[in-house]
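Q: Next up is a structure, given as structure tokens.
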There are 2 protein chains.
Amino acid sequence: MKIPKEIVSVLKKEKVFLIATHISPDGDALGSALALSSALESAGKEVYVYNKDSVPPFYRFLPGYKKVISSLKRTLSKDPVLILLDCNSPDRAALEDYSFRKSIVIDHHETENDFGDIRWVVPAVAATGLMVFYLLKAIGAALNGDIARNLYTAIAVDTGTFRYSNTSAEVLKAGAELIEAGADPAAIAECLFERWEKNRFELLVMTLNNLEIKNDVAMMHITKKMFEKTDTTAEDTENFSNLPRTIRSVKISALFRELGNGAWKASLRSKGNVNVAKIAELFGGGGHKNAAGFRIEGSLNAAKRKLLLAAGKTGTDR
Amino acid sequence: MKIPKEIVSVLKKEKVFLIATHISPDGDALGSALALSSALESAGKEVYVYNKDSVPPFYRFLPGYKKVISSLKRTLSKDPVLILLDCNSPDRAALEDYSFRKSIVIDHHETENDFGDIRWVVPAVAATGLMVFYLLKAIGAALNGDIARNLYTAIAVDTGTFRYSNTSAEVLKAGAELIEAGADPAAIAECLFERWEKNRFELLVMTLNNLEIKNDVAMMHITKKMFEKTDTTAEDTENFSNLPRTIRSVKISALFRELGNGAWKASLRSKGNVNVAKIAELFGGGGHKNAAGFRIEGSLNAAKRKLLLAAGKTGTDR
């Protein structure tokens, strides 16, 4: 992978950095940020890692997660160089009200803006963690155990532990190097997949009980009452919508979550070539081909009917 | 990895081979057998792949699965060299009543016998598929797409797509090479994890509904009635016992399956250092540290009580 020389030169020359990632951060955002900050710190730099939403409990196994700050008060006076990771516009990181004398963007998401003095945005790459992996090589940073664990987690999350279609030989080779540098694949998988609280599992079972499948579309829902009964929140529903994809005939899996005031949030997941972003766009939402979402008002039954209609129109085979 | 020279020399010299794998074959057994048979066929050999139970519907995506025979009638007259894969005693492959002029054993399971003229048994290796991968290199066989898909599946199944503790840098490097040779990780993951029939999923939800957790032991059960109601069989319960491991506090997950005549089959799964083989042995069963099983007679409640008692005795922390 070709690393922009300007990034390497800025990382070497500058002394103070602010690494920021998107709100509702995931493993790729946090792992990438923590790995890059460790490497820069080892090179004697002053580094701040910022996330408006701080680190969800779920990711508090990542080495160095405590250094993530959710306020910029003291940082800005240091006049840092901004490094925006795993997103490519300042508003995604809640930074739209700030300005920086220099900014670098490193991301693998599609983009429609041109923020940043140096932009390195490659949507074809599986994870931002993989870009940071190559960047660290380019600046000659050693992969210590903490860096390896953070980058391995970043890549594991964004490839579904090497199950998604972005998994390539390149991804597995990087994973192998990170294991050699100290990442423990089984320990990371346990942290990612086997640390649910009991009530989250209860909510899942409750949700699975209302699964219905129509025209190859699986639909489940979670009411506010279900959240109350199990003492859970929207954060606990991550990945729920993936489960019905297990069924061979299911091409789209939808989870409706009650927002209150007669509104629902629909999370869509699809298999292979079925494009749910197209469906979400019909309702003013958006996303990627295999994972998208939208907001809809009205009764649950009406919302389901509208989704089925839209899925039929856009065609589940495309 | 060091490949026994004798195996390489027999594979080169001999003309007719019978590759056999264990009954109730899994992805590692079948993938390894099909990959090795392809490579030998490409070298002009006559090869038969035998499995007493033939190929479960679940694995009928493996390239060449149709060549698996479940009868030895015509084969034996050819006086083949036996290659026993992914098991190391003839009875595991339902071959105890036959004898062969020469036999090779290639396996990664623990062993307590000495069957075979040439034995290559390495329990530390993640998958038999990985041993075949190195063997093919040693005999100079090219990795074509079919071989790559079979070996990638073998390794993916036995490492839980790179989540289990047997996942090493070596495993990921082999995976990378297999992708370069034509294996599609996402397509294979879809075949492995997203092709359940609806009734299998119904059985799962039904089973999850009777989950109870006591002293960090999760217990679920499936009665004959539940099988009847969903038109499913024991084969459909593969991996069910893994799911409650998702819960942070659960150290052991047990699934009781009704056998009839007052008997139950218990499947145990555990996390990390908790050794369920020790528990299974108390009931005359056996297995590995994190996956074991036993048969027990009596009522379901009594069986559950006895399991909890045994788990308490052996200690779930060890």
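Convention: chains lettered A, B, ... in structure tokens order; per-chain residue numbering from 1; ligands numbered from 1 as shown.
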What are the residues of chain A lining chain B at 6 Å or less? Count only C-alpha atoms, and put the answer as a ChimeraX atom specification.

A: /A:163-165,169,172-173,176,179,186,189,193-198,245-248

Q: Using DSSP on the backbone, list every residue of segment 2-68 of chain B that comes out as helix (DSSP H, G or I), and give them as a PyMOL selection string.

A: chain B and resi 5-13+27-42+57-59+65-67

Q: Just want the 10 Å neighbourhood of Ile7 of chain A, counted on only C-alpha atoms, with same-chain residues fewer than 6 positions away dropped. Output as number ranges by chain.

A: A: 13, 83, 103-106, 117-120, 135, 138-139

Q: Just C-alpha atoms for this one: save the residues we selected as an mmCIF file, in the first residue's frame.

A:
data_model
loop_
_atom_site.group_PDB
_atom_site.id
_atom_site.type_symbol
_atom_site.label_atom_id
_atom_site.label_comp_id
_atom_site.auth_asym_id
_atom_site.auth_seq_id
_atom_site.Cartn_x
_atom_site.Cartn_y
_atom_site.Cartn_z
ATOM 1 C CA LYS A 13 8.391 16.896 12.020
ATOM 2 C CA ILE A 83 -5.345 13.540 12.737
ATOM 3 C CA SER A 103 -5.051 18.444 9.559
ATOM 4 C CA ILE A 104 -4.543 14.912 8.279
ATOM 5 C CA VAL A 105 -7.407 12.567 7.355
ATOM 6 C CA ILE A 106 -6.901 8.784 7.374
ATOM 7 C CA ASP A 117 -4.746 19.456 4.364
ATOM 8 C CA ILE A 118 -3.575 15.915 3.683
ATOM 9 C CA ARG A 119 -6.261 13.379 2.826
ATOM 10 C CA TRP A 120 -5.557 9.656 2.695
ATOM 11 C CA LEU A 135 1.659 3.854 8.213
ATOM 12 C CA ALA A 138 6.393 3.705 6.903
ATOM 13 C CA ILE A 139 7.437 5.847 9.879
#

Q: Using Å and a single decimal, report how far atom CA of Val125 of chain A sits from atom CA of Glu46 of chain A.

A: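 The value is 28.4 Å.
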
Q: DSSP says strand (DSSP E) for which residues of segment 74-246 of chain B? Put them as number ranges by chain?

A: B: 81-85, 103-107, 118-121, 212-214, 217-222

Q: Could those selected residues go to a file with C-alpha atoms, as a PDB file, in the first residue's frame?

A:
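This went into out15.pdb:
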ATOM      1  CA  VAL B  81      -2.637 -47.398   0.340  1.00  0.00           C
ATOM      2  CA  LEU B  82      -4.793 -46.091   3.202  1.00  0.00           C
ATOM      3  CA  ILE B  83      -4.474 -42.445   4.233  1.00  0.00           C
ATOM      4  CA  LEU B  84      -6.383 -41.857   7.457  1.00  0.00           C
ATOM      5  CA  LEU B  85      -7.115 -38.139   7.872  1.00  0.00           C
ATOM      6  CA  SER B 103      -1.299 -47.076   5.910  1.00  0.00           C
ATOM      7  CA  ILE B 104      -0.512 -43.438   6.625  1.00  0.00           C
ATOM      8  CA  VAL B 105      -2.086 -41.453   9.484  1.00  0.00           C
ATOM      9  CA  ILE B 106      -2.278 -37.637   9.334  1.00  0.00           C
ATOM     10  CA  ASP B 107      -4.059 -36.060  12.280  1.00  0.00           C
ATOM     11  CA  ILE B 118       3.618 -44.027   9.015  1.00  0.00           C
ATOM     12  CA  ARG B 119       2.090 -41.831  11.709  1.00  0.00           C
ATOM     13  CA  TRP B 120       2.140 -38.043  11.504  1.00  0.00           C
ATOM     14  CA  VAL B 121       0.078 -36.913  14.493  1.00  0.00           C
ATOM     15  CA  GLU B 212     -31.280 -21.098  32.869  1.00  0.00           C
ATOM     16  CA  ILE B 213     -28.042 -19.974  34.502  1.00  0.00           C
ATOM     17  CA  LYS B 214     -26.902 -21.278  37.889  1.00  0.00           C
ATOM     18  CA  VAL B 217     -23.306 -22.693  34.378  1.00  0.00           C
ATOM     19  CA  ALA B 218     -25.759 -22.088  31.524  1.00  0.00           C
ATOM     20  CA  MET B 219     -28.139 -24.966  30.834  1.00  0.00           C
ATOM     21  CA  MET B 220     -30.555 -25.515  27.971  1.00  0.00           C
ATOM     22  CA  HIS B 221     -32.401 -28.588  26.797  1.00  0.00           C
ATOM     23  CA  ILE B 222     -34.064 -30.076  23.744  1.00  0.00           C
TER      24      ILE B 222
END

Q: Work out how far atom CA of Ala29 of chain B is from atom CA of Gly44 of chain B, in Å to one decimal.

A: 22.8 Å

Q: What is the distance, in Å and to one decimal place, between atom CA of Phe256 of chain A and atom CA of Pro25 of chain A?

A: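 These atoms are spaced 21.9 Å apart.
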
Q: Write out as a PyMOL selection string the residues lying within 9 Å of Leu268 of chain A, counting only C-alpha atoms and excluding same-chain residues fewer than 2 positions away.

A: chain A and resi 241-242+252-256+266+270+276-277+279-280+290-294

Q: With N, CA and C atoms retained, export the selected residues as a CSV table (one decimal), in the first residue's frame.

A:
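Once everything was written out, this is again-v2.csv:
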chain,number,residue,atom,x,y,z
A,241,SER,N,-29.5,-7.5,14.6
A,241,SER,CA,-30.1,-7.6,13.2
A,241,SER,C,-29.3,-8.6,12.3
A,242,ASN,N,-28.1,-8.9,12.7
A,242,ASN,CA,-27.3,-9.9,11.9
A,242,ASN,C,-27.8,-11.3,12.1
A,252,ILE,N,-32.7,-10.2,3.5
A,252,ILE,CA,-32.6,-9.0,4.3
A,252,ILE,C,-33.1,-9.3,5.7
A,253,SER,N,-32.4,-8.7,6.6
A,253,SER,CA,-32.8,-8.8,8.0
A,253,SER,C,-33.0,-7.4,8.6
A,254,ALA,N,-34.2,-7.2,9.2
A,254,ALA,CA,-34.5,-5.9,9.7
A,254,ALA,C,-34.8,-5.9,11.1
A,255,LEU,N,-34.3,-4.9,11.9
A,255,LEU,CA,-34.6,-4.8,13.3
A,255,LEU,C,-35.3,-3.4,13.5
A,256,PHE,N,-36.5,-3.4,14.0
A,256,PHE,CA,-37.2,-2.2,14.3
A,256,PHE,C,-37.1,-1.9,15.8
A,266,ALA,N,-35.1,1.6,12.0
A,266,ALA,CA,-34.9,0.3,11.3
A,266,ALA,C,-33.4,0.1,11.0
A,270,SER,N,-28.0,-7.2,5.0
A,270,SER,CA,-28.3,-8.1,3.9
A,270,SER,C,-27.2,-9.0,3.5
A,276,VAL,N,-29.1,-2.9,0.7
A,276,VAL,CA,-30.0,-2.3,1.6
A,276,VAL,C,-29.9,-0.8,1.7
A,277,ALA,N,-28.7,-0.3,1.3
A,277,ALA,CA,-28.6,1.2,1.3
A,277,ALA,C,-29.6,1.8,0.4
A,279,ILE,N,-32.6,0.7,-0.3
A,279,ILE,CA,-33.9,0.7,0.4
A,279,ILE,C,-33.9,1.8,1.5
A,280,ALA,N,-32.8,1.9,2.3
A,280,ALA,CA,-32.8,2.9,3.3
A,280,ALA,C,-33.0,4.3,2.7
A,290,ASN,N,-24.5,-3.7,2.5
A,290,ASN,CA,-25.0,-4.8,3.4
A,290,ASN,C,-25.4,-4.3,4.8
A,291,ALA,N,-25.3,-3.1,5.1
A,291,ALA,CA,-25.7,-2.6,6.4
A,291,ALA,C,-26.2,-1.1,6.3
A,292,ALA,N,-27.5,-0.9,6.5
A,292,ALA,CA,-28.0,0.4,6.4
A,292,ALA,C,-29.1,0.6,7.4
A,293,GLY,N,-29.7,1.8,7.5
A,293,GLY,CA,-30.7,2.1,8.4
A,293,GLY,C,-31.5,3.3,8.1
A,294,PHE,N,-32.7,3.4,8.7
A,294,PHE,CA,-33.6,4.6,8.5
A,294,PHE,C,-34.5,4.8,9.6

Q: Can you tell me which residues surround Pro63 of chain A at a distance of at most 9 Å, considering only C-alpha atoms, apart from same-chain residues fewer than 6 positions away, and format the answer as a PyMOL selection string?

A: chain A and resi 31+34-35+146-147+149-150
